[in-house]
Every structure is written in structure tokens, then in C-alpha cells.
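Reviewing the structure listed below.
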2 protein chains.
Amino acid sequence: MGKLREPLGELTDSCGLPMALEAMGERWSFMILRASFNGLHHFEEFLEELGIARNILSNRLTKLVQAGILKRAPCVDDRRRIEYRLTDKGLDLLPAMIALRQWGERWGTGIPSNPVLCDERDRLPIAQLVLRSHDGRTLGPKDLCWIDENDLDNKESKHQPADIRQLVGGS
Amino acid sequence: MGKLREPLGELTDSCGLPMALEAMGERWSFMILRASFNGLHHFEEFLEELGIARNILSNRLTKLVQAGILKRAPCVDDRRRIEYRLTDKGLDLLPAMIALRQWGERWGTGIPSNPVLCDERDRLPIAQLVLRSHDGRTLGPKDLCWIDENDLDNKESKHQPADIRQLVGGS
């Protein structure tokens with residue numbers, strides 16, 4: 001990946017990855033997340049389907065809510081009940097979960113997980129996640145380099161989401 | 001994601017994800033992996049750059065070699081020295097690492113990591129990883145469904161890699 005490197009001795013705010021690992025890396029948190037993506041919303045559903053102890057479930061749900069990944073809301077058909085729903089931040093974990101899953105399928109048992117994750121429109125398995133350039137070319141590890149933010153070409157600004165450019169004071 | 005669900009109470013061979021989390025989820029293992037992707041190969045390099053204790057580094061390198069993610073090989077310019085290189089299995093973790101990183105960047109500090117991961121060819125930041133259908137359409141969480149392997153349309157076979165079809169006894 002070229003000569004420039006990340007600061008490798010740090011796991012700090014300068015790298016976005018530690019936060020993601022913290023949210024996903026713990027076994028029960030991961031199982032609750034996976035169940036949420038599969039449409040479970042209620043404390044009792046998680047309890048029954050996951051075979052998790054009540055106090056651990058309660059603890060992990062609280063942490064996931066604090067992390068902004070799940071939100072507590074009154075149930076639509078019974079407002080006295082509370083349900084847990086994925087926030088936009090939580091939903092946005094899907095590519096990372098699928099990338100990890102696909103890697104495990106390819107290199108783990110060699111047998112694809114069943115059931116298979118498909119596109120609802122044509123009912124065919126989704127594609128493997130791959131790195132792509134801004135214009136859609138597939139990239140491998142050898143196609144990558146690190147560039148200091150200040151050395152980025154001006155062309156770059158049109159490919160960054162506007163809100164991020166504002167946050168870092170860019171044009 | 002539809003009515004059909006994964007078996008949510010299990011973290012077994014039927015889901016490829018636990019293996020991936022085990023490889024990446026531990027703090028030091030992750031830092032060694034990240035350093036490997038940044039071109040570090042030698043025990044002494046890891047030791048110096050990561051600020052990791054010698055015995056922990058030794059332990060984690062052994063585990064990553066046992067998991068088939070790194071391999072030990074004689075150094076090209078000095079055959080008496082050993083270096084650690086990512087295997088194909090290890091290199092294949094890149095999409096998952098980048099997906100987690102991008103999520104952390106978007107939802108963590110709000111500030112993109114610096115340096116920025118770019119395409120070496122045009123020196124522009126790589127694209128965000130997104131889920132895609134087999135024919136390249138972008139998919140969100142609501143576009144997905146689970147389909148039992150046995151109910152998959154025959155059309156599906158031409159979109160699966162041949163080796164996987166062979167392993168599961170498909171056509």
C-alpha cells in the first residue's frame with residue numbers, strides 16, 4: 001500500500017475501526033445485532049431465540065442503545081410495550097457484517113451458510129463485497145495507497161459526501 | 001429480511017461470521033493485521049511500531065499463522081531471517097476491514113481517518129463499500145431476503161463460483 005502508513009501504534013480516534021470492533025466484536029452483542037437484522041424487536045423474542053441470560057441481554061441491549069446502534073421505541077401495535085430497532089447507524093453496519101460473513105463462508109467451512117442472503121427483487125444471491133475505485137473498478141490490496149489528506153487532489157472533493165467535507169472544513 | 005431466518009441461537013459452522021470475528025476481534029490481532037496490510041513483515045518491525053510486548057506479539061503471530069491468515073517464510077534478501085506475510089485468506093480480509101473502518105469513520109468521530117485509502121491508479125479515495133445484487137444494483141437492508149439453499153432458482157448456479165458449487169454437491 002505504498003510508503004505512507006497509518007499510525008500503527010495507535011488505536012485512537014484517528015482510525016474508525018476500533019469503535020466498529022467494539023460494537024460487533026463481543027459475542028452476545030454480535031448475536032443481538034444479527035437477530036435485529038433478521039427482524040427481532042422485543043426483549044422476550046431475543047431472550048427466547050438467542051438462549052441468552054436475562055441480565056446479559058439487558059446489559060448488551062443497554063450498551064447497543066448507548067452506542068446509538070439500537071433505539072428503544074414504543075411498539076406500533078401496543079404502545080405499552082417497548083421494542084428495539086436498528087438506527088441508521090446500526091443499519092449501516094450491514095456491509096461490514098456481510099463482508100465478515102462472506103469471508104467466513106469462503107475460508108471457514110467451505111460450505112456457504114444456509115439460508116442464503118438474496119436480493120428480494122430477483123431472488124438471486126447477492127454479490128461478493130469487493131473494494132472499488134470511485135468509478136467502480138474492482139481494487140485488490142496491491143492497487144491501494146495511502147495519501148495524506150492535505151495532498152489529495154482537488155478532484156477528490158466531488159467524490160466525498162458533502163457533510164463530511166463540511167465537518168473537516170474542506171471546500 | 002423476510003420470514004425465513006437464520007438459526008439465531010447458534011454461533012456454529014453454519015454461520016461464517018464467528019470465525020471472522022475471532023480473527024479480527026481481538027485488539028492486538030487486529031493491530032498486527034492492520035500493520036501487515038501496511039507492509040510490515042518482521043517481528044522486530046511489529047515490536048517497534050506497535051508498542052506491543054514481545055510475548056504477546058509472539059503469541060498473536062502464532063495464532064494468526066495457525067488460523068492461516070499469516071504465513072512464515074524466509075526473508076527474500078536474507079534467507080536466515082523469517083518474515084510474516086498475509087496469505088490469500090488474510091488478504092481477503094481487506095473488504096471486511098475497510099467496511100468496518102468506513103463505518104467507524106462515518107459514525108465515530110465524523111472525521112475521516114488520515115491518511116486516506118486511495119486507488120493508486122488515479123490517487124482518488126476508494127468508494128464506500130455497499131451491498132450489490134449479482135448484476136451490480138446497490139442493495140439496502142430492505143432489499144434483502146433469506147432463501148433456503150434448496151429453494152434457490154437454478155439460475156443461481158451460474159452466479160456462484162464453481163468451486164463452491166462443487167463443495168456443496170450442487171450442479
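Lettering and numbering for the C-alpha cells are positional, with chains as A, B, ... in the shown order, residues counted from 1 in each chain, and ligands counted from 1 in the shown order.
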Note to self: Based on the backbone DSSP call, show me all residues of segment 51-140 of chain A assigned helix (DSSP H, G or I), as a VMD selection string.
What the structure shows: chain A and resid 54 to 66 88 to 91 94 to 107
Keeping C-alpha atoms, export the residues of the selection given above as an mmCIF file, in the first residue's frame.
data_model
loop_
_atom_site.group_PDB
_atom_site.id
_atom_site.type_symbol
_atom_site.label_atom_id
_atom_site.label_comp_id
_atom_site.auth_asym_id
_atom_site.auth_seq_id
_atom_site.Cartn_x
_atom_site.Cartn_y
_atom_site.Cartn_z
ATOM 1 C CA ARG A 54 -31.846 -12.176 31.026
ATOM 2 C CA ASN A 55 -29.230 -9.996 32.753
ATOM 3 C CA ILE A 56 -26.708 -10.323 29.916
ATOM 4 C CA LEU A 57 -29.371 -9.490 27.315
ATOM 5 C CA SER A 58 -30.421 -6.451 29.319
ATOM 6 C CA ASN A 59 -26.799 -5.312 29.656
ATOM 7 C CA ARG A 60 -25.956 -5.723 25.953
ATOM 8 C CA LEU A 61 -29.172 -4.034 24.790
ATOM 9 C CA THR A 62 -28.346 -1.061 27.008
ATOM 10 C CA LYS A 63 -24.833 -0.867 25.552
ATOM 11 C CA LEU A 64 -26.101 -1.085 21.970
ATOM 12 C CA VAL A 65 -28.628 1.680 22.700
ATOM 13 C CA GLN A 66 -25.900 3.813 24.320
ATOM 14 C CA ASP A 88 -29.482 4.318 10.685
ATOM 15 C CA LYS A 89 -26.080 3.869 12.313
ATOM 16 C CA GLY A 90 -26.978 0.275 13.146
ATOM 17 C CA LEU A 91 -28.385 -0.486 9.698
ATOM 18 C CA LEU A 94 -24.737 -4.335 7.239
ATOM 19 C CA PRO A 95 -21.885 -4.166 4.681
ATOM 20 C CA ALA A 96 -19.322 -4.906 7.414
ATOM 21 C CA MET A 97 -21.386 -7.831 8.745
ATOM 22 C CA ILE A 98 -21.875 -9.261 5.274
ATOM 23 C CA ALA A 99 -18.187 -8.815 4.372
ATOM 24 C CA LEU A 100 -17.169 -10.732 7.517
ATOM 25 C CA ARG A 101 -19.779 -13.381 6.828
ATOM 26 C CA GLN A 102 -18.670 -13.871 3.229
ATOM 27 C CA TRP A 103 -15.058 -14.199 4.354
ATOM 28 C CA GLY A 104 -16.049 -16.818 6.920
ATOM 29 C CA GLU A 105 -18.028 -18.701 4.288
ATOM 30 C CA ARG A 106 -15.165 -18.657 1.808
ATOM 31 C CA TRP A 107 -12.383 -19.609 4.190
#
Item checked: Residues of segment 15-83 of chain B in strand (DSSP E), written as a ChimeraX atom specification -> /B:70-74,82-83
Margin query: List the spatial neighbours of Phe37 of chain A as a PyMOL selection string - criterion: any atom at most 12 Å away, only C-alpha atoms, same-chain residues fewer than 5 positions off excluded.
Written below: (chain A and resi 30-32+69-70+84-87+90-95+97-98+117) or (chain B and resi 1-3+5-6+8+140-142+144-146)
Would you output that residue set with C-alpha atoms, as a PDB file, in the first residue's frame?
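After the write, out_5.pdb holds the following:
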ATOM      1  CA  PHE A  30     -22.987  -9.612  17.696  1.00  0.00           C
ATOM      2  CA  MET A  31     -25.771 -12.180  18.122  1.00  0.00           C
ATOM      3  CA  ILE A  32     -28.259  -9.470  19.150  1.00  0.00           C
ATOM      4  CA  ILE A  69     -26.860   1.255  17.177  1.00  0.00           C
ATOM      5  CA  LEU A  70     -30.279   0.249  18.526  1.00  0.00           C
ATOM      6  CA  TYR A  84     -35.633  -2.327  19.915  1.00  0.00           C
ATOM      7  CA  ARG A  85     -34.984  -1.172  16.368  1.00  0.00           C
ATOM      8  CA  LEU A  86     -31.806  -0.648  14.394  1.00  0.00           C
ATOM      9  CA  THR A  87     -30.954   3.028  13.952  1.00  0.00           C
ATOM     10  CA  GLY A  90     -26.978   0.275  13.146  1.00  0.00           C
ATOM     11  CA  LEU A  91     -28.385  -0.486   9.698  1.00  0.00           C
ATOM     12  CA  ASP A  92     -25.186   0.891   8.238  1.00  0.00           C
ATOM     13  CA  LEU A  93     -23.249  -1.997   9.832  1.00  0.00           C
ATOM     14  CA  LEU A  94     -24.737  -4.335   7.239  1.00  0.00           C
ATOM     15  CA  PRO A  95     -21.885  -4.166   4.681  1.00  0.00           C
ATOM     16  CA  MET A  97     -21.386  -7.831   8.745  1.00  0.00           C
ATOM     17  CA  ILE A  98     -21.875  -9.261   5.274  1.00  0.00           C
ATOM     18  CA  LEU A 117     -28.844 -13.917   1.593  1.00  0.00           C
TER      19      LEU A 117
ATOM     20  CA  MET B   1     -35.339  -9.567   5.525  1.00  0.00           C
ATOM     21  CA  GLY B   2     -38.441 -11.707   5.028  1.00  0.00           C
ATOM     22  CA  LYS B   3     -39.918 -14.550   7.044  1.00  0.00           C
ATOM     23  CA  ARG B   5     -34.490 -16.622   9.363  1.00  0.00           C
ATOM     24  CA  GLU B   6     -31.052 -17.826  10.148  1.00  0.00           C
ATOM     25  CA  LEU B   8     -30.260 -17.220  15.575  1.00  0.00           C
ATOM     26  CA  GLY B 140     -30.173  -1.743   1.248  1.00  0.00           C
ATOM     27  CA  PRO B 141     -31.364  -3.757   4.262  1.00  0.00           C
ATOM     28  CA  LYS B 142     -34.953  -3.720   2.937  1.00  0.00           C
ATOM     29  CA  LEU B 144     -32.759  -8.469   1.156  1.00  0.00           C
ATOM     30  CA  CYS B 145     -34.392 -11.789   1.917  1.00  0.00           C
ATOM     31  CA  TRP B 146     -33.215 -15.183   3.108  1.00  0.00           C
TER      32      TRP B 146
END
Notebook entry, point to check: What is the atom CA of Asn150 of chain A to atom CA of Arg121 of chain B distance in Å?
Noted result: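 Calculated distance between atom CA of Asn150 of chain A and atom CA of Arg121 of chain B is 18.4 Å.
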Notebook entry, point to check: Between atom CA of Thr138 of chain B and atom CA of Gly136 of chain A, what is the spacing in Å?
Noted result: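 Computing it gives 12.0 Å between the two atoms.
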Item checked: 9 Å contact set for Cys118 of chain A, only C-alpha atoms, chain neighbours under 6 positions out, as a list in words -> Leu124, Pro125, Ile126 and Ala127 of chain A; Ser133, Asp143, Leu144, Cys145, Trp146 and Ile147 of chain B
Saved selection, atoms kept: all heavy atoms, as a short mmCIF file (atom, residue, chain, number, x, y, z; two decimals), in the first residue's frame:
data_model
loop_
_atom_site.label_atom_id
_atom_site.label_comp_id
_atom_site.auth_asym_id
_atom_site.auth_seq_id
_atom_site.Cartn_x
_atom_site.Cartn_y
_atom_site.Cartn_z
N LEU A 124 -31.96 -13.85 -6.25
CA LEU A 124 -30.64 -14.44 -6.52
C LEU A 124 -29.67 -13.99 -5.43
O LEU A 124 -29.82 -12.91 -4.88
CB LEU A 124 -30.12 -13.99 -7.89
CG LEU A 124 -30.87 -14.56 -9.10
CD1 LEU A 124 -30.35 -13.95 -10.38
CD2 LEU A 124 -30.72 -16.08 -9.14
N PRO A 125 -28.68 -14.83 -5.12
CA PRO A 125 -27.72 -14.47 -4.06
C PRO A 125 -27.05 -13.13 -4.37
O PRO A 125 -26.76 -12.83 -5.53
CB PRO A 125 -26.70 -15.61 -4.12
CG PRO A 125 -27.44 -16.77 -4.68
CD PRO A 125 -28.42 -16.17 -5.67
N ILE A 126 -26.78 -12.37 -3.32
CA ILE A 126 -26.12 -11.08 -3.51
C ILE A 126 -24.66 -11.31 -3.93
O ILE A 126 -24.12 -12.39 -3.75
CB ILE A 126 -26.18 -10.22 -2.23
CG1 ILE A 126 -25.42 -10.90 -1.08
CG2 ILE A 126 -27.61 -9.95 -1.84
CD1 ILE A 126 -25.19 -9.99 0.09
N ALA A 127 -24.06 -10.27 -4.48
CA ALA A 127 -22.67 -10.37 -4.95
C ALA A 127 -21.70 -10.35 -3.78
O ALA A 127 -22.03 -9.90 -2.69
CB ALA A 127 -22.38 -9.20 -5.90
N SER B 133 -26.47 -6.41 -5.79
CA SER B 133 -27.05 -7.62 -6.38
C SER B 133 -26.03 -8.22 -7.34
O SER B 133 -25.01 -7.60 -7.65
CB SER B 133 -28.32 -7.25 -7.15
OG SER B 133 -27.98 -6.41 -8.23
N ASP B 143 -33.96 -4.54 0.88
CA ASP B 143 -33.97 -5.24 -0.41
C ASP B 143 -33.58 -6.69 -0.27
O ASP B 143 -33.47 -7.40 -1.26
CB ASP B 143 -33.00 -4.56 -1.38
CG ASP B 143 -33.33 -3.10 -1.60
OD1 ASP B 143 -34.52 -2.79 -1.73
OD2 ASP B 143 -32.40 -2.28 -1.61
N LEU B 144 -33.33 -7.13 0.97
CA LEU B 144 -32.76 -8.47 1.16
C LEU B 144 -33.79 -9.46 1.66
O LEU B 144 -34.74 -9.10 2.34
CB LEU B 144 -31.60 -8.39 2.16
CG LEU B 144 -30.46 -7.44 1.76
CD1 LEU B 144 -29.47 -7.33 2.91
CD2 LEU B 144 -29.78 -7.93 0.50
N CYS B 145 -33.59 -10.71 1.34
CA CYS B 145 -34.39 -11.79 1.92
C CYS B 145 -33.51 -13.02 2.06
O CYS B 145 -32.46 -13.13 1.43
CB CYS B 145 -35.61 -12.09 1.04
SG CYS B 145 -35.19 -12.72 -0.59
N TRP B 146 -33.92 -13.91 2.95
CA TRP B 146 -33.21 -15.18 3.11
C TRP B 146 -33.93 -16.23 2.27
O TRP B 146 -35.15 -16.32 2.31
CB TRP B 146 -33.23 -15.63 4.57
CG TRP B 146 -32.46 -14.74 5.48
CD1 TRP B 146 -32.96 -13.84 6.36
CD2 TRP B 146 -31.04 -14.67 5.60
NE1 TRP B 146 -31.94 -13.21 7.02
CE2 TRP B 146 -30.75 -13.70 6.57
CE3 TRP B 146 -29.99 -15.33 4.98
CZ2 TRP B 146 -29.45 -13.38 6.94
CZ3 TRP B 146 -28.70 -15.00 5.33
CH2 TRP B 146 -28.43 -14.04 6.31
N ILE B 147 -33.19 -17.02 1.53
CA ILE B 147 -33.79 -18.10 0.76
C ILE B 147 -33.06 -19.40 1.09
O ILE B 147 -31.82 -19.44 1.14
CB ILE B 147 -33.72 -17.81 -0.76
CG1 ILE B 147 -34.53 -16.54 -1.07
CG2 ILE B 147 -34.25 -19.00 -1.57
CD1 ILE B 147 -34.59 -16.19 -2.54
#
Check: If we count only C-alpha atoms, what is near Glu44 of chain A at a cut-off of 12 Å, once residues fewer than 2 positions away on the same chain are taken out, given as a PyMOL selection string?
Finding: chain A and resi 40-42+46-54+57-58+81-84
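Interatomic distance, atom CA of His134 of chain A to atom CA of Val116 of chain A: 28.7 Å.
Among the candidates B:Arg27, B:Pro115, B:Asp135, B:Arg123, the one nearest to chain A when counting only C-alpha atoms is B:Pro115.
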